[in-house]
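Visitor: So that you have it, the file is query.cif, and it contains mmCIF, C-alpha atoms and all ligand atoms; chains and numbers go by the auth columns:
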```cif
data_data
loop_
_atom_site.group_PDB
_atom_site.id
_atom_site.type_symbol
_atom_site.label_atom_id
_atom_site.label_comp_id
_atom_site.label_asym_id
_atom_site.label_seq_id
_atom_site.Cartn_x
_atom_site.Cartn_y
_atom_site.Cartn_z
_atom_site.B_iso_or_equiv
_atom_site.auth_seq_id
_atom_site.auth_asym_id
ATOM 1 C CA MET A 1 18.244 0.129 63.290 0.00 1 A
ATOM 2 C CA ASP A 2 17.145 -2.422 60.766 0.00 2 A
ATOM 3 C CA ILE A 3 16.068 -1.644 57.284 0.00 3 A
ATOM 4 C CA SER A 4 14.019 -3.752 54.917 0.00 4 A
ATOM 5 C CA LEU A 5 14.749 -2.852 51.359 0.00 5 A
ATOM 6 C CA LYS A 6 12.430 -2.702 48.431 0.00 6 A
ATOM 7 C CA VAL A 7 13.867 -5.445 46.267 0.00 7 A
ATOM 8 C CA ASN A 8 13.003 -5.150 42.589 0.00 8 A
ATOM 9 C CA GLN A 9 14.546 -4.088 39.317 0.00 9 A
ATOM 10 C CA LYS A 10 14.185 -0.325 39.725 0.00 10 A
ATOM 11 C CA THR A 11 17.027 2.193 39.853 0.00 11 A
ATOM 12 C CA ASN A 12 17.578 3.195 43.462 0.00 12 A
ATOM 13 C CA ILE A 13 17.876 6.688 44.894 0.00 13 A
ATOM 14 C CA VAL A 14 18.817 7.110 48.545 0.00 14 A
ATOM 15 C CA LEU A 15 17.934 10.287 50.417 0.00 15 A
ATOM 16 C CA PHE A 16 19.837 11.778 53.379 0.00 16 A
ATOM 17 C CA ALA A 17 18.136 14.399 55.566 0.00 17 A
ATOM 18 C CA SER A 18 18.350 15.895 59.061 0.00 18 A
ATOM 19 C CA GLY A 19 15.382 18.252 59.299 0.00 19 A
ATOM 20 C CA GLY A 20 11.858 19.062 58.228 0.00 20 A
ATOM 21 C CA GLY A 21 12.124 17.290 54.927 0.00 21 A
ATOM 22 C CA SER A 22 10.078 19.434 52.568 0.00 22 A
ATOM 23 C CA ASN A 23 12.518 18.617 49.751 0.00 23 A
ATOM 24 C CA VAL A 24 12.361 14.915 50.647 0.00 24 A
ATOM 25 C CA LEU A 25 8.568 15.081 50.485 0.00 25 A
ATOM 26 C CA ARG A 26 8.703 16.702 47.062 0.00 26 A
ATOM 27 C CA ILE A 27 11.176 14.083 45.766 0.00 27 A
ATOM 28 C CA CYS A 28 9.056 11.203 47.130 0.00 28 A
ATOM 29 C CA GLN A 29 5.953 12.633 45.442 0.00 29 A
ATOM 30 C CA TYR A 30 7.808 13.109 42.168 0.00 30 A
ATOM 31 C CA PHE A 31 9.052 9.497 41.961 0.00 31 A
ATOM 32 C CA GLU A 32 6.059 7.821 43.647 0.00 32 A
ATOM 33 C CA ASN A 33 4.618 6.382 40.438 0.00 33 A
ATOM 34 C CA ASN A 34 7.795 6.137 38.390 0.00 34 A
ATOM 35 C CA SER A 35 8.120 2.704 36.830 0.00 35 A
ATOM 36 C CA LYS A 36 11.927 2.810 36.589 0.00 36 A
ATOM 37 C CA ILE A 37 13.221 4.866 39.518 0.00 37 A
ATOM 38 C CA GLN A 38 12.406 4.606 43.221 0.00 38 A
ATOM 39 C CA VAL A 39 13.383 6.192 46.500 0.00 39 A
ATOM 40 C CA ALA A 40 14.837 3.077 48.124 0.00 40 A
ATOM 41 C CA ALA A 41 15.540 4.496 51.578 0.00 41 A
ATOM 42 C CA LEU A 42 15.749 7.573 53.748 0.00 42 A
ATOM 43 C CA PHE A 43 18.868 7.906 55.887 0.00 43 A
ATOM 44 C CA CYS A 44 18.410 10.296 58.801 0.00 44 A
ATOM 45 C CA ASN A 45 20.638 11.248 61.723 0.00 45 A
ATOM 46 C CA LYS A 46 17.959 12.804 63.958 0.00 46 A
ATOM 47 C CA SER A 47 15.247 10.670 65.563 0.00 47 A
ATOM 48 C CA ASN A 48 12.945 13.669 66.083 0.00 48 A
ATOM 49 C CA ALA A 49 13.355 15.108 62.579 0.00 49 A
ATOM 50 C CA GLY A 50 10.089 15.947 60.819 0.00 50 A
ATOM 51 C CA VAL A 51 11.326 14.146 57.735 0.00 51 A
ATOM 52 C CA MET A 52 10.812 10.767 59.443 0.00 52 A
ATOM 53 C CA ASP A 53 7.036 11.330 59.425 0.00 53 A
ATOM 54 C CA ARG A 54 7.023 12.814 55.930 0.00 54 A
ATOM 55 C CA VAL A 55 8.101 9.554 54.297 0.00 55 A
ATOM 56 C CA LYS A 56 5.688 7.297 56.223 0.00 56 A
ATOM 57 C CA PRO A 57 2.816 7.559 53.709 0.00 57 A
ATOM 58 C CA PHE A 58 5.185 6.415 50.956 0.00 58 A
ATOM 59 C CA GLY A 59 6.291 3.246 52.749 0.00 59 A
ATOM 60 C CA ILE A 60 9.918 4.160 52.249 0.00 60 A
ATOM 61 C CA PRO A 61 12.311 2.312 54.590 0.00 61 A
ATOM 62 C CA THR A 62 14.119 4.597 57.032 0.00 62 A
ATOM 63 C CA PHE A 63 17.557 4.130 58.482 0.00 63 A
ATOM 64 C CA LEU A 64 18.249 6.178 61.592 0.00 64 A
ATOM 65 C CA PHE A 65 21.931 6.462 62.416 0.00 65 A
ATOM 66 C CA SER A 66 24.268 8.271 64.787 0.00 66 A
ATOM 67 C CA LYS A 67 27.361 10.294 63.896 0.00 67 A
ATOM 68 C CA THR A 68 29.401 7.375 65.249 0.00 68 A
ATOM 69 C CA GLN A 69 27.687 4.920 62.922 0.00 69 A
ATOM 70 C CA LEU A 70 28.257 7.314 60.028 0.00 70 A
ATOM 71 C CA GLU A 71 31.955 7.582 60.784 0.00 71 A
ATOM 72 C CA SER A 72 32.555 3.922 61.703 0.00 72 A
ATOM 73 C CA GLY A 73 31.613 2.602 58.263 0.00 73 A
ATOM 74 C CA GLU A 74 28.234 1.149 59.255 0.00 74 A
ATOM 75 C CA VAL A 75 26.360 3.584 57.019 0.00 75 A
ATOM 76 C CA LEU A 76 28.696 2.784 54.121 0.00 76 A
ATOM 77 C CA ILE A 77 27.946 -0.937 54.453 0.00 77 A
ATOM 78 C CA LYS A 78 24.218 -0.231 54.383 0.00 78 A
ATOM 79 C CA LEU A 79 24.618 2.031 51.358 0.00 79 A
ATOM 80 C CA LYS A 80 26.589 -0.598 49.481 0.00 80 A
ATOM 81 C CA SER A 81 23.803 -3.130 50.086 0.00 81 A
ATOM 82 C CA ILE A 82 21.346 -0.769 48.377 0.00 82 A
ATOM 83 C CA ALA A 83 23.751 0.129 45.530 0.00 83 A
ATOM 84 C CA PRO A 84 22.082 3.464 44.754 0.00 84 A
ATOM 85 C CA LYS A 85 22.624 5.134 41.414 0.00 85 A
ATOM 86 C CA LEU A 86 22.386 8.473 43.208 0.00 86 A
ATOM 87 C CA ILE A 87 22.668 9.581 46.833 0.00 87 A
ATOM 88 C CA VAL A 88 20.706 12.774 47.373 0.00 88 A
ATOM 89 C CA LEU A 89 21.357 15.075 50.316 0.00 89 A
ATOM 90 C CA ALA A 90 18.305 17.198 51.113 0.00 90 A
ATOM 91 C CA GLY A 91 18.842 19.292 54.213 0.00 91 A
ATOM 92 C CA PHE A 92 21.443 16.851 55.563 0.00 92 A
ATOM 93 C CA LEU A 93 23.682 18.673 57.999 0.00 93 A
ATOM 94 C CA LEU A 94 26.556 16.286 58.785 0.00 94 A
ATOM 95 C CA LYS A 95 29.669 16.029 56.683 0.00 95 A
ATOM 96 C CA LEU A 96 29.897 12.683 54.865 0.00 96 A
ATOM 97 C CA PRO A 97 33.091 10.810 55.725 0.00 97 A
ATOM 98 C CA GLN A 98 35.824 10.508 53.121 0.00 98 A
ATOM 99 C CA GLN A 99 35.222 6.755 52.689 0.00 99 A
ATOM 100 C CA ILE A 100 31.626 7.320 51.535 0.00 100 A
ATOM 101 C CA VAL A 101 32.578 10.216 49.254 0.00 101 A
ATOM 102 C CA SER A 102 35.340 8.231 47.573 0.00 102 A
ATOM 103 C CA GLN A 103 33.249 5.069 47.105 0.00 103 A
ATOM 104 C CA PHE A 104 30.388 7.073 45.586 0.00 104 A
ATOM 105 C CA ARG A 105 32.370 9.728 43.707 0.00 105 A
ATOM 106 C CA ARG A 106 30.039 11.847 41.505 0.00 106 A
ATOM 107 C CA LYS A 107 27.115 9.814 42.720 0.00 107 A
ATOM 108 C CA ILE A 108 26.319 12.099 45.668 0.00 108 A
ATOM 109 C CA ILE A 109 24.576 15.430 45.194 0.00 109 A
ATOM 110 C CA ASN A 110 23.524 18.169 47.581 0.00 110 A
ATOM 111 C CA ILE A 111 21.231 21.163 47.457 0.00 111 A
ATOM 112 C CA HIS A 112 22.404 24.404 49.036 0.00 112 A
ATOM 113 C CA PRO A 113 20.236 27.496 49.585 0.00 113 A
ATOM 114 C CA SER A 114 22.551 30.087 48.001 0.00 114 A
ATOM 115 C CA LEU A 115 24.373 30.748 44.765 0.00 115 A
ATOM 116 C CA LEU A 116 27.608 28.907 45.576 0.00 116 A
ATOM 117 C CA PRO A 117 30.420 29.698 45.982 0.00 117 A
ATOM 118 C CA LYS A 118 28.717 32.575 47.801 0.00 118 A
ATOM 119 C CA PHE A 119 27.504 31.825 51.322 0.00 119 A
ATOM 120 C CA GLY A 120 28.788 28.260 51.537 0.00 120 A
ATOM 121 C CA GLY A 121 31.044 26.414 53.958 0.00 121 A
ATOM 122 C CA LYS A 122 30.904 25.189 57.527 0.00 122 A
ATOM 123 C CA GLY A 123 28.067 26.728 59.555 0.00 123 A
ATOM 124 C CA MET A 124 26.299 27.939 56.420 0.00 124 A
ATOM 125 C CA TYR A 125 22.988 26.112 56.480 0.00 125 A
ATOM 126 C CA GLY A 126 19.329 26.968 56.608 0.00 126 A
ATOM 127 C CA ILE A 127 18.411 30.399 57.945 0.00 127 A
ATOM 128 C CA HIS A 128 22.084 31.271 58.656 0.00 128 A
ATOM 129 C CA VAL A 129 22.613 31.433 54.902 0.00 129 A
ATOM 130 C CA HIS A 130 19.657 33.751 54.316 0.00 130 A
ATOM 131 C CA GLN A 131 20.622 35.963 57.266 0.00 131 A
ATOM 132 C CA ALA A 132 24.110 36.349 55.788 0.00 132 A
ATOM 133 C CA VAL A 133 22.653 37.225 52.383 0.00 133 A
ATOM 134 C CA LYS A 134 20.400 39.843 53.995 0.00 134 A
ATOM 135 C CA ASN A 135 23.279 41.286 56.033 0.00 135 A
ATOM 136 C CA LYS A 136 25.354 41.685 52.893 0.00 136 A
ATOM 137 C CA GLY A 137 22.505 43.535 51.160 0.00 137 A
ATOM 138 C CA ASP A 138 22.495 41.349 48.037 0.00 138 A
ATOM 139 C CA THR A 139 19.614 41.970 45.647 0.00 139 A
ATOM 140 C CA SER A 140 19.413 38.366 44.482 0.00 140 A
ATOM 141 C CA THR A 141 20.143 34.896 45.805 0.00 141 A
ATOM 142 C CA GLY A 142 19.215 31.387 44.757 0.00 142 A
ATOM 143 C CA MET A 143 19.925 27.714 45.086 0.00 143 A
ATOM 144 C CA THR A 144 22.688 25.407 43.934 0.00 144 A
ATOM 145 C CA ILE A 145 22.682 21.684 43.213 0.00 145 A
ATOM 146 C CA HIS A 146 26.230 20.319 43.264 0.00 146 A
ATOM 147 C CA TYR A 147 28.269 17.136 43.530 0.00 147 A
ATOM 148 C CA VAL A 148 29.569 16.349 46.992 0.00 148 A
ATOM 149 C CA ASP A 149 33.296 16.139 47.590 0.00 149 A
ATOM 150 C CA GLU A 150 35.359 16.050 50.787 0.00 150 A
ATOM 151 C CA GLN A 151 34.788 19.742 51.625 0.00 151 A
ATOM 152 C CA TYR A 152 31.614 21.615 52.580 0.00 152 A
ATOM 153 C CA ASP A 153 29.727 22.977 49.553 0.00 153 A
ATOM 154 C CA SER A 154 32.732 22.840 47.236 0.00 154 A
ATOM 155 C CA GLY A 155 31.973 20.104 44.671 0.00 155 A
ATOM 156 C CA ASP A 156 31.281 20.794 40.992 0.00 156 A
ATOM 157 C CA ILE A 157 28.125 22.769 40.378 0.00 157 A
ATOM 158 C CA ILE A 158 25.384 20.971 38.441 0.00 158 A
ATOM 159 C CA PHE A 159 22.543 23.489 38.418 0.00 159 A
ATOM 160 C CA GLN A 160 21.738 26.947 39.799 0.00 160 A
ATOM 161 C CA LYS A 161 18.684 29.217 39.774 0.00 161 A
ATOM 162 C CA SER A 162 18.432 32.718 41.156 0.00 162 A
ATOM 163 C CA VAL A 163 15.613 34.767 42.614 0.00 163 A
ATOM 164 C CA ASP A 164 15.309 38.508 43.314 0.00 164 A
ATOM 165 C CA ILE A 165 15.342 39.845 46.859 0.00 165 A
ATOM 166 C CA ALA A 166 13.122 42.823 47.684 0.00 166 A
ATOM 167 C CA PRO A 167 14.567 45.410 50.104 0.00 167 A
ATOM 168 C CA THR A 168 11.750 44.578 52.512 0.00 168 A
ATOM 169 C CA ASP A 169 12.371 40.806 52.463 0.00 169 A
ATOM 170 C CA THR A 170 13.326 39.306 55.817 0.00 170 A
ATOM 171 C CA PRO A 171 15.665 36.282 56.012 0.00 171 A
ATOM 172 C CA GLU A 172 12.517 34.161 56.453 0.00 172 A
ATOM 173 C CA ASP A 173 11.015 35.644 53.271 0.00 173 A
ATOM 174 C CA ILE A 174 14.238 34.887 51.413 0.00 174 A
ATOM 175 C CA ALA A 175 14.177 31.329 52.768 0.00 175 A
ATOM 176 C CA GLN A 176 10.650 30.847 51.404 0.00 176 A
ATOM 177 C CA LYS A 177 11.625 32.137 47.968 0.00 177 A
ATOM 178 C CA VAL A 178 14.666 29.877 47.783 0.00 178 A
ATOM 179 C CA LEU A 179 12.773 26.840 49.086 0.00 179 A
ATOM 180 C CA LYS A 180 10.192 27.354 46.336 0.00 180 A
ATOM 181 C CA LEU A 181 12.982 27.123 43.758 0.00 181 A
ATOM 182 C CA GLU A 182 14.352 24.005 45.432 0.00 182 A
ATOM 183 C CA HIS A 183 10.960 22.276 45.378 0.00 183 A
ATOM 184 C CA TYR A 184 10.451 23.206 41.750 0.00 184 A
ATOM 185 C CA TYR A 185 13.797 21.982 40.412 0.00 185 A
ATOM 186 C CA TYR A 186 15.480 19.410 42.664 0.00 186 A
ATOM 187 C CA ALA A 187 13.445 16.310 41.733 0.00 187 A
ATOM 188 C CA SER A 188 13.632 17.134 38.009 0.00 188 A
ATOM 189 C CA VAL A 189 17.398 17.567 38.161 0.00 189 A
ATOM 190 C CA ILE A 190 17.718 14.226 39.994 0.00 190 A
ATOM 191 C CA HIS A 191 15.587 12.618 37.301 0.00 191 A
ATOM 192 C CA ALA A 192 17.658 14.171 34.503 0.00 192 A
ATOM 193 C CA LEU A 193 20.933 13.057 36.094 0.00 193 A
ATOM 194 C CA ILE A 194 19.712 9.469 36.458 0.00 194 A
ATOM 195 C CA GLU A 195 18.352 9.272 32.935 0.00 195 A
ATOM 196 C CA ASP A 196 21.252 11.274 31.479 0.00 196 A
ATOM 197 C CA LEU A 197 18.861 13.892 30.091 0.00 197 A
ATOM 198 C CA PRO A 198 19.623 17.576 29.476 0.00 198 A
ATOM 199 C CA TYR A 199 18.693 19.929 32.329 0.00 199 A
ATOM 200 C CA ASP A 200 19.501 23.405 31.117 0.00 200 A
ATOM 201 C CA TRP A 201 15.989 24.729 31.681 0.00 201 A
HETATM 202 C C1 LIG B . 16.936 23.559 52.353 0.00 1 B
HETATM 203 O O1 LIG B . 16.748 24.924 52.112 0.00 1 B
HETATM 204 C C2 LIG B . 18.330 23.149 51.918 0.00 1 B
HETATM 205 O O2 LIG B . 18.797 23.852 50.804 0.00 1 B
HETATM 206 C C3 LIG B . 19.129 23.497 53.136 0.00 1 B
HETATM 207 O O3 LIG B . 18.319 23.105 54.221 0.00 1 B
HETATM 208 C C4 LIG B . 16.953 23.255 53.843 0.00 1 B
HETATM 209 C C5 LIG B . 16.245 21.958 54.177 0.00 1 B
HETATM 210 O O4 LIG B . 14.861 22.126 54.089 0.00 1 B
HETATM 211 N N1 LIG B . 20.389 22.862 53.146 0.00 1 B
HETATM 212 C C6 LIG B . 21.484 23.420 53.643 0.00 1 B
HETATM 213 O O5 LIG B . 21.477 24.508 54.170 0.00 1 B
HETATM 214 C C7 LIG B . 22.757 22.584 53.497 0.00 1 B
HETATM 215 N N2 LIG B . 23.906 23.386 53.727 0.00 1 B
HETATM 216 P P1 LIG B . 13.910 20.866 54.082 0.00 1 B
HETATM 217 O O6 LIG B . 14.338 19.964 55.250 0.00 1 B
HETATM 218 O O7 LIG B . 12.526 21.440 54.281 0.00 1 B
HETATM 219 O O8 LIG B . 14.068 20.184 52.775 0.00 1 B
#
```
Re-express the file's structure as structure tokens.
Ligand code: GAR
Guide:
Amino acid sequence: MDISLKVNQKTNIVLFASGGGSNVLRICQYFENNSKIQVAALFCNKSNAGVMDRVKPFGIPTFLFSKTQLESGEVLIKLKSIAPKLIVLAGFLLKLPQQIVSQFRRKIINIHPSLLPKFGGKGMYGIHVHQAVKNKGDTSTGMTIHYVDEQYDSGDIIFQKSVDIAPTDTPEDIAQKVLKLEHYYYASVIHALIEDLPYDW
């Protein structure tokens, strides 16, 4: 579990993911040719996660870790060595330990596939969120980008966008609609946060 870092003068973003990594891919593409900001590393807790392959073409260092390493402080040490301006969770399904949250207060953001505070909390991830939205019969849903605090999905909201749900939409259809919003906005919001630009599009 070694990691060779890209050492230069750029502002570092670190990504955390556990799954397929379509948001990670989008973020890597967005910053690929940026002269000031770079994705410095991908942190992943699942060796077989699709996201590990997604970053290969970009030459981004990957750091595979276990829950034990996350909770023992090993991940924190690695993070400190990178000194990221922003830590971006993109489909990362473990809870970050208190020590990481407190050392990087308001420097960690997450994307959630609902309009928080609706359909958030433990167990609310991926298709479970969209199934719950469908079960409730809501006519719209959306995505939320928020700061990460010690609780699941409860930090201050940075940005939200909604999308209509048709009566015939399945949870999978809803997932596709929400993912489209995520791909469209997440990288731009990250960029705006780093550069301190307005993002009330
Ligand atoms: C995204 O929809 C993201 O919002 C969600 O997981 C998906 C990851 O997709 N995150 C959560 O549910 C967190 N509670 P991706 O791996 O293709 O980016």
Visitor: If we count all atoms listed in the file, what is near segment 145-149 of chain A at a cut-off of 6 Å, once residues fewer than 5 positions away on the same chain are taken out, given as a list in words?
Guide: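 Returned residues: Arg106, Ile108, Ile109, Asn110, Ile111, Gly155, Asp156, Ile157, Ile158 and Phe159 of chain A.
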Visitor: For the file shown, what are the residues hit by the PyMOL selection byres (((chain A and resi 84-98) around 9) and not hetatm), laid out as a VMD selection string?
Guide: chain A and resid 11 to 24 40 44 to 45 67 70 to 71 73 79 to 83 99 to 104 106 to 112 125 to 126 148 to 152 190 193 to 194
Visitor: Please dump the current selection as a compact mmCIF listing (two decimals), in the coordinates of the input; keep C-alpha atoms.
Guide:
```txt
# COMPACT_ATOMS: atom_id res chain seq x y z
CA THR A 11 17.03 2.19 39.85
CA ASN A 12 17.58 3.20 43.46
CA ILE A 13 17.88 6.69 44.89
CA VAL A 14 18.82 7.11 48.54
CA LEU A 15 17.93 10.29 50.42
CA PHE A 16 19.84 11.78 53.38
CA ALA A 17 18.14 14.40 55.57
CA SER A 18 18.35 15.90 59.06
CA GLY A 19 15.38 18.25 59.30
CA GLY A 20 11.86 19.06 58.23
CA GLY A 21 12.12 17.29 54.93
CA SER A 22 10.08 19.43 52.57
CA ASN A 23 12.52 18.62 49.75
CA VAL A 24 12.36 14.92 50.65
CA ALA A 40 14.84 3.08 48.12
CA CYS A 44 18.41 10.30 58.80
CA ASN A 45 20.64 11.25 61.72
CA LYS A 67 27.36 10.29 63.90
CA LEU A 70 28.26 7.31 60.03
CA GLU A 71 31.96 7.58 60.78
CA GLY A 73 31.61 2.60 58.26
CA LEU A 79 24.62 2.03 51.36
CA LYS A 80 26.59 -0.60 49.48
CA SER A 81 23.80 -3.13 50.09
CA ILE A 82 21.35 -0.77 48.38
CA ALA A 83 23.75 0.13 45.53
CA GLN A 99 35.22 6.76 52.69
CA ILE A 100 31.63 7.32 51.54
CA VAL A 101 32.58 10.22 49.25
CA SER A 102 35.34 8.23 47.57
CA GLN A 103 33.25 5.07 47.10
CA PHE A 104 30.39 7.07 45.59
CA ARG A 106 30.04 11.85 41.50
CA LYS A 107 27.12 9.81 42.72
CA ILE A 108 26.32 12.10 45.67
CA ILE A 109 24.58 15.43 45.19
CA ASN A 110 23.52 18.17 47.58
CA ILE A 111 21.23 21.16 47.46
CA HIS A 112 22.40 24.40 49.04
CA TYR A 125 22.99 26.11 56.48
CA GLY A 126 19.33 26.97 56.61
CA VAL A 148 29.57 16.35 46.99
CA ASP A 149 33.30 16.14 47.59
CA GLU A 150 35.36 16.05 50.79
CA GLN A 151 34.79 19.74 51.62
CA TYR A 152 31.61 21.62 52.58
CA ILE A 190 17.72 14.23 39.99
CA LEU A 193 20.93 13.06 36.09
CA ILE A 194 19.71 9.47 36.46
```
Visitor: Using all atoms listed in the file, which of A:Lys134, A:Arg105, A:Lys10, A:Arg54 sits nearest ligand LIG 1 (chain B)?
Guide: A:Arg54
Visitor: If I take atom CA of Val189 of chain A and atom CA of Pro61 of chain A, how far is one from the other in Å, to one decimal?
Guide: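 That distance, rounded to one decimal, is 23.0 Å.
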Visitor: Taking the file as shown, what set of residues would the PyMOL selection byres (((chain A and resi 130) around 10) and not hetatm) give back, as a list in words?
Guide: Pro113, Ser114, Phe119, Met124, Tyr125, Gly126, Ile127, His128, Val129, Gln131, Ala132, Val133, Lys134, Asn135, Lys136, Thr141, Gly142, Thr170, Pro171, Glu172, Asp173, Ile174, Ala175, Gln176 and Val178 of chain A
Visitor: Have a look at atom CA of Phe43 of chain A and atom CA of Ser188 of chain A and let me know their distance in Å, one decimal.
Guide: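 Rounded to one decimal, the two atoms are 20.8 Å apart.
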Visitor: Quick one: of A:Ala166, A:Ala41, A:Leu25, A:Ile60, who's nearest to ligand LIG 1 (chain B), counting all atoms listed in the file?
Guide: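 Closest candidate: A:Leu25.
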Visitor: On this file, the PyMOL selection byres (((chain A and resi 35) around 12) and not hetatm) gives some set of residues; write that set as a PyMOL selection string.
Guide: chain A and resi 8-12+30-34+36-39
Visitor: Please, what distance in Å, to one decimal, runs between atom CA of Asp153 of chain A and atom CA of Thr168 of chain A?
Guide: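 Computing it gives 28.3 Å between the two atoms.
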Visitor: Kindly indicate which residue among A:Ser72, A:Ser154, A:Ser66, A:Ser140 lies nearest to ligand LIG 1 (chain B), using all atoms listed in the file for the distances.
Guide: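 Among the listed residues, the smallest separation from ligand LIG 1 (chain B) belongs to A:Ser154.
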Visitor: Reconstruct all heavy atoms of segment 159-166 of chain A from the incomplete input and present them as a PDB file, keeping the file's coordinate frame.
Guide:
```pdb
ATOM      1  N   PHE A 159      23.711  22.698  38.803  1.00  0.00           N
ATOM      2  CA  PHE A 159      22.543  23.489  38.418  1.00  0.00           C
ATOM      3  C   PHE A 159      22.336  24.625  39.421  1.00  0.00           C
ATOM      4  O   PHE A 159      22.460  24.407  40.623  1.00  0.00           O
ATOM      5  CB  PHE A 159      21.312  22.571  38.427  1.00  0.00           C
ATOM      6  CG  PHE A 159      20.045  23.183  37.923  1.00  0.00           C
ATOM      7  CD1 PHE A 159      19.771  23.242  36.569  1.00  0.00           C
ATOM      8  CD2 PHE A 159      19.095  23.679  38.812  1.00  0.00           C
ATOM      9  CE1 PHE A 159      18.572  23.790  36.095  1.00  0.00           C
ATOM     10  CE2 PHE A 159      17.900  24.231  38.353  1.00  0.00           C
ATOM     11  CZ  PHE A 159      17.654  24.276  36.997  1.00  0.00           C
ATOM     12  N   GLN A 160      22.034  25.821  38.901  1.00  0.00           N
ATOM     13  CA  GLN A 160      21.738  26.947  39.799  1.00  0.00           C
ATOM     14  C   GLN A 160      20.539  27.731  39.268  1.00  0.00           C
ATOM     15  O   GLN A 160      20.364  27.829  38.052  1.00  0.00           O
ATOM     16  CB  GLN A 160      22.930  27.911  39.890  1.00  0.00           C
ATOM     17  CG  GLN A 160      24.106  27.331  40.657  1.00  0.00           C
ATOM     18  CD  GLN A 160      25.228  28.320  40.874  1.00  0.00           C
ATOM     19  OE1 GLN A 160      25.690  28.926  39.914  1.00  0.00           O
ATOM     20  NE2 GLN A 160      25.660  28.475  42.111  1.00  0.00           N
ATOM     21  N   LYS A 161      19.759  28.301  40.160  1.00  0.00           N
ATOM     22  CA  LYS A 161      18.684  29.217  39.774  1.00  0.00           C
ATOM     23  C   LYS A 161      18.674  30.371  40.767  1.00  0.00           C
ATOM     24  O   LYS A 161      18.882  30.168  41.967  1.00  0.00           O
ATOM     25  CB  LYS A 161      17.313  28.526  39.842  1.00  0.00           C
ATOM     26  CG  LYS A 161      16.992  27.723  38.615  1.00  0.00           C
ATOM     27  CD  LYS A 161      16.592  28.578  37.413  1.00  0.00           C
ATOM     28  CE  LYS A 161      16.670  27.738  36.144  1.00  0.00           C
ATOM     29  NZ  LYS A 161      16.406  28.439  34.918  1.00  0.00           N
ATOM     30  N   SER A 162      18.432  31.562  40.259  1.00  0.00           N
ATOM     31  CA  SER A 162      18.432  32.718  41.156  1.00  0.00           C
ATOM     32  C   SER A 162      17.031  33.296  41.311  1.00  0.00           C
ATOM     33  O   SER A 162      16.130  33.013  40.509  1.00  0.00           O
ATOM     34  CB  SER A 162      19.399  33.785  40.630  1.00  0.00           C
ATOM     35  OG  SER A 162      18.935  34.257  39.394  1.00  0.00           O
ATOM     36  N   VAL A 163      16.885  34.099  42.335  1.00  0.00           N
ATOM     37  CA  VAL A 163      15.613  34.767  42.614  1.00  0.00           C
ATOM     38  C   VAL A 163      15.932  36.159  43.176  1.00  0.00           C
ATOM     39  O   VAL A 163      16.937  36.329  43.869  1.00  0.00           O
ATOM     40  CB  VAL A 163      14.752  33.920  43.601  1.00  0.00           C
ATOM     41  CG1 VAL A 163      15.415  33.777  44.961  1.00  0.00           C
ATOM     42  CG2 VAL A 163      13.353  34.480  43.734  1.00  0.00           C
ATOM     43  N   ASP A 164      15.084  37.141  42.828  1.00  0.00           N
ATOM     44  CA  ASP A 164      15.309  38.508  43.314  1.00  0.00           C
ATOM     45  C   ASP A 164      14.933  38.644  44.784  1.00  0.00           C
ATOM     46  O   ASP A 164      13.998  37.998  45.259  1.00  0.00           O
ATOM     47  CB  ASP A 164      14.474  39.499  42.497  1.00  0.00           C
ATOM     48  CG  ASP A 164      15.019  39.645  41.080  1.00  0.00           C
ATOM     49  OD1 ASP A 164      16.203  39.302  40.864  1.00  0.00           O
ATOM     50  OD2 ASP A 164      14.259  40.066  40.198  1.00  0.00           O
ATOM     51  N   ILE A 165      15.660  39.525  45.461  1.00  0.00           N
ATOM     52  CA  ILE A 165      15.342  39.845  46.859  1.00  0.00           C
ATOM     53  C   ILE A 165      14.817  41.274  46.895  1.00  0.00           C
ATOM     54  O   ILE A 165      15.468  42.195  46.367  1.00  0.00           O
ATOM     55  CB  ILE A 165      16.607  39.763  47.750  1.00  0.00           C
ATOM     56  CG1 ILE A 165      17.196  38.355  47.692  1.00  0.00           C
ATOM     57  CG2 ILE A 165      16.297  40.166  49.179  1.00  0.00           C
ATOM     58  CD1 ILE A 165      18.557  38.245  48.389  1.00  0.00           C
ATOM     59  N   ALA A 166      13.656  41.466  47.504  1.00  0.00           N
ATOM     60  CA  ALA A 166      13.122  42.823  47.684  1.00  0.00           C
ATOM     61  C   ALA A 166      13.776  43.438  48.919  1.00  0.00           C
ATOM     62  O   ALA A 166      14.135  42.708  49.852  1.00  0.00           O
ATOM     63  CB  ALA A 166      11.612  42.763  47.867  1.00  0.00           C
TER      64      ALA A 166
END
```
